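What follows is a single structure, written as structure tokens, with notes after it.
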Amino acid sequence: MSSVAVLIDHDRGIPSGGALEALTAARTLAAGLGAAVDAVVLGDSELFDTHGASLVAACASHGAAVVHRGRHALLADYGPDAWGAALASFVAGAQPAAVVAAGTDRGAEAMAQLAARTDLPLVANCVSVSPANDPWEITRIQWGGSLLEDVTLSSSLPLLTIAQHSVEAEPCEGGPIETVVADFAPDLGPEVERTLVRDRVTLTEGVTLSTSPVVVSGGRGVGSAEGFATLEELAELLGGRVGCSRAVTNNGWRSHADQVGQTGTRIAPEIYIACGISGAIQHWVGAMGSKNILAINIDPEANMVAKAGYAVIADLHEVVPAISDEIRRRRDRPSS
Ligand SMILES: Cc1cc2nc3c(=O)[nH]c(=O)nc-3n(C[C@H](O)[C@H](O)[C@H](O)COP(=O)(O)OP(=O)(O)OC[C@H]3O[C@@H](n4cnc5c(N)ncnc54)[C@H](O)[C@@H]3O)c2cc1C
């Protein structure tokens, strides 16, 4: 049976959310092709000794019939050349019907390497793929999410990345499937050592803006750097992070690391609280993955108010502290 091979984007053995989204999307694609879903995980012996079982379990619960483990000393950590060459080595041997990866930095980079090495076209940031006809019909996100583009792809081996947050990662119904583990030894030369990760400096510990379940974001309406104190307070009460619009970073009120949007971070929290943000398209493309949106704005016509599921039309300097006070009041209330 042919297979749709999914490159598992992982950071030293921990799969990214994007990898599980890609496996979920690959199940639909494979069903359309009458194919199975296979996973490709790259690492060295130490990585597989430590994380092999959990990686296989994650792949099995998301539908991988076979987990192909590419094992090599040069795959101890991420390297675009090494991952691209290992994938090319896998493709030459296994001959899958398609290769899919997450539209993450690593997924996109490794797939671009694979495309260059195999001289095959790569379609990046796909949101839907219809393999019913030749050529395949694909819709993908362009221009930072502000444009949906319909494309056709005619290729002996389609290579795709799945746009982040375009699919929700979902385990298979009925639990993990029976998964076979198959090892392969990629043919890697010393030239792939050109770009291997040697060390990392973590700039943000724990939950980041892109992974936080709650984001409390401020725009120009906050008025000053000091004005963010009440947003910080609310975010802390809700266990979330503070974000902002570009008007805010342009004014120097917050660092660029906090910016949500086309030229900032894409987020997909359970709740996005947008305070004093108009909702310009460049901001919206970063926030549109949010499951629920509360807009606090003095302008009932603001784009963010129109897009939000909930809105409070009032001054954020009054509303935000009032929400925090109410949360504290309810938490402090003795339970009966
Ligand atoms: C190439 C390019 C890339 C860009 N990338 C990004 C990006 O990544 N992220 C991004 O955010 N923007 C980006 N922008 C900028 C974007 O176009 C907007 O200019 C920006 O998002 C506006 O920020 P804002 O909503 O905070 O400010 P404004 O548009 O000025 O809106 C302020 C809002 O605050 C409300 N308000 C004012 N006072 C109060 C108050 N007291 N209480 C409640 N509400 C109040 C107003 O009614 C208004 O709706 C980009 C632009 C370009 C050209």
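By convention here, the chains of the structure tokens are called A, B, ... in the order presented, each chain's residues are numbered starting at 1, and ligands are numbered starting at 1 in the order presented.
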Next on the checklist: I need the residues in range 126-332 of chain A that are alpha helix (DSSP H) according to DSSP; give them as a VMD selection string.
Outcome noted: chain A and resid 229 to 237 246 to 250 281 to 287 303 to 307 316 to 332
Taking only residues of range 247-327 of chain A that have an atom at most 8 Å from an atom of range 231-236 of chain A, what is each one's shortest atom pair and its distance in Å to one decimal, using only C-alpha atoms, in chain and number order, as CSV?
residue,atom,partner,partner_atom,distance
A:Val320,CA,A:Leu231,CA,6.8
A:Pro321,CA,A:Leu234,CA,7.6
A:Ile323,CA,A:Leu234,CA,7.6
A:Ser324,CA,A:Leu234,CA,5.5
Next on the checklist: I need the residues in range 44-103 of chain A that are strand (DSSP E or B) according to DSSP; give them as JSON, numbers by chain.
Outcome noted: {"A": [66, 67, 68, 69, 70, 71, 98, 99, 100, 101, 102]}
List every residue of chain A that has an atom at most 7 Å from any atom of ligand 1, giving for each one its closest atom pair and the distance in Å to one decimal, counting only C-alpha atoms and all ligand atoms, sorted by chain and then by ascending residue number, as CSV.
residue,atom,partner,partner_atom_place_in_ligand_line,distance
A:Gly218,CA,ligand 1,26 (O),6.8
A:Gly219,CA,ligand 1,26 (O),3.1
A:Arg220,CA,ligand 1,26 (O),3.9
A:Gly221,CA,ligand 1,37 (C),3.4
A:Val222,CA,ligand 1,41 (N),6.3
A:Cys244,CA,ligand 1,11 (O),6.7
A:Ser245,CA,ligand 1,11 (O),3.3
A:Arg246,CA,ligand 1,10 (C),4.0
A:Ala247,CA,ligand 1,23 (O),4.3
A:Val248,CA,ligand 1,26 (O),6.1
A:Gln259,CA,ligand 1,9 (N),6.0
A:Val260,CA,ligand 1,9 (N),5.1
A:Gly261,CA,ligand 1,8 (O),3.2
A:Gln262,CA,ligand 1,8 (O),3.8
A:Thr263,CA,ligand 1,8 (O),3.6
A:Gly264,CA,ligand 1,8 (O),4.3
A:Cys275,CA,ligand 1,43 (C),6.0
A:Gly276,CA,ligand 1,34 (O),3.4
A:Ile277,CA,ligand 1,25 (O),3.5
A:Ser278,CA,ligand 1,49 (O),3.4
A:Gly279,CA,ligand 1,25 (O),5.4
A:Ala280,CA,ligand 1,21 (O),4.9
A:Ile281,CA,ligand 1,17 (O),6.5
A:Gln282,CA,ligand 1,6 (C),4.5
A:His283,CA,ligand 1,11 (O),3.8
A:Gly286,CA,ligand 1,8 (O),6.9
A:Ile296,CA,ligand 1,43 (C),5.6
A:Asn297,CA,ligand 1,44 (N),3.5
A:Ile298,CA,ligand 1,44 (N),4.4
A:Asp299,CA,ligand 1,47 (O),4.4
A:Ala302,CA,ligand 1,49 (O),5.2
A:Ala314,CA,ligand 1,43 (C),5.9
A:Asp315,CA,ligand 1,42 (N),3.6
A:Leu316,CA,ligand 1,42 (N),3.9
A:His317,CA,ligand 1,41 (N),6.0
Checklist entry - Pro269 in chain A: which residues within 9 Å, counting only C-alpha atoms, same-chain residues fewer than 6 positions away excluded, as a list of chain:residue names? => result A:Leu209, A:Ser210, A:Thr211, A:Ser212, A:Pro213, A:Val214, A:Val215, A:Ala287, A:Gly289, A:Ser290, A:Lys291, A:Asn292
C-alpha atoms of the current selection, written as a tab-separated table (two decimals), in the first residue's frame:
chain	number	residue	atom	x	y	z
A	209	LEU	CA	2.93	34.06	23.16
A	210	SER	CA	2.28	31.51	20.41
A	211	THR	CA	1.39	28.67	22.83
A	212	SER	CA	-0.42	30.58	25.58
A	213	PRO	CA	-4.09	29.60	26.06
A	214	VAL	CA	-4.94	33.20	26.96
A	215	VAL	CA	-3.53	36.35	25.34
A	287	ALA	CA	-4.94	36.67	15.72
A	289	GLY	CA	-6.55	31.45	14.89
A	290	SER	CA	-8.00	32.46	18.29
A	291	LYS	CA	-10.91	30.26	19.40
A	292	ASN	CA	-12.76	33.12	21.19
Got a sec: who's within 9 Å of range 194-196 of chain A, counting only C-alpha atoms, leaving out chain neighbours fewer than 2 positions off, as a JSON list (two decimals) with C-alpha atoms, in the first residue's frame?
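In the end it all went to selection_31.json:
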[["chain", "number", "residue", "atom", "x", "y", "z"],
["A", 74, "LEU", "CA", 24.68, 13.72, 12.56],
["A", 75, "LEU", "CA", 20.97, 13.79, 13.45],
["A", 77, "ASP", "CA", 20.12, 17.72, 16.80],
["A", 78, "TYR", "CA", 18.37, 19.70, 14.08],
["A", 79, "GLY", "CA", 20.23, 20.75, 10.95],
["A", 80, "PRO", "CA", 18.45, 21.73, 7.72],
["A", 81, "ASP", "CA", 21.05, 20.07, 5.48],
["A", 82, "ALA", "CA", 21.09, 16.92, 7.60],
["A", 190, "PRO", "CA", 30.19, 15.47, 6.17],
["A", 191, "GLU", "CA", 28.84, 18.37, 4.07],
["A", 192, "VAL", "CA", 25.55, 18.28, 6.02],
["A", 198, "ARG", "CA", 25.17, 23.43, 18.49]]
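Using only C-alpha atoms, the shortest contact distance between Ser166 in chain A and any of A:Leu20, A:Ala73, A:Ala92, A:Ala64 is found at A:Leu20.
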Item to check | Distance query range 24-37 of chain A at most 8 Å, only C-alpha atoms, self and fewer than 3 positions along chain excluded, as a ChimeraX atom specification | outcome: /A:1-6,20-21,62-66,97,100,129-132,162,167-171
Item to check | Counting only C-alpha atoms, the residue of A:Ala182, A:Ile14, A:Ala311, A:Leu120 that sits nearest Ser155 in chain A | outcome: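 Closest to Ser155 in chain A of all the choices is A:Leu120.
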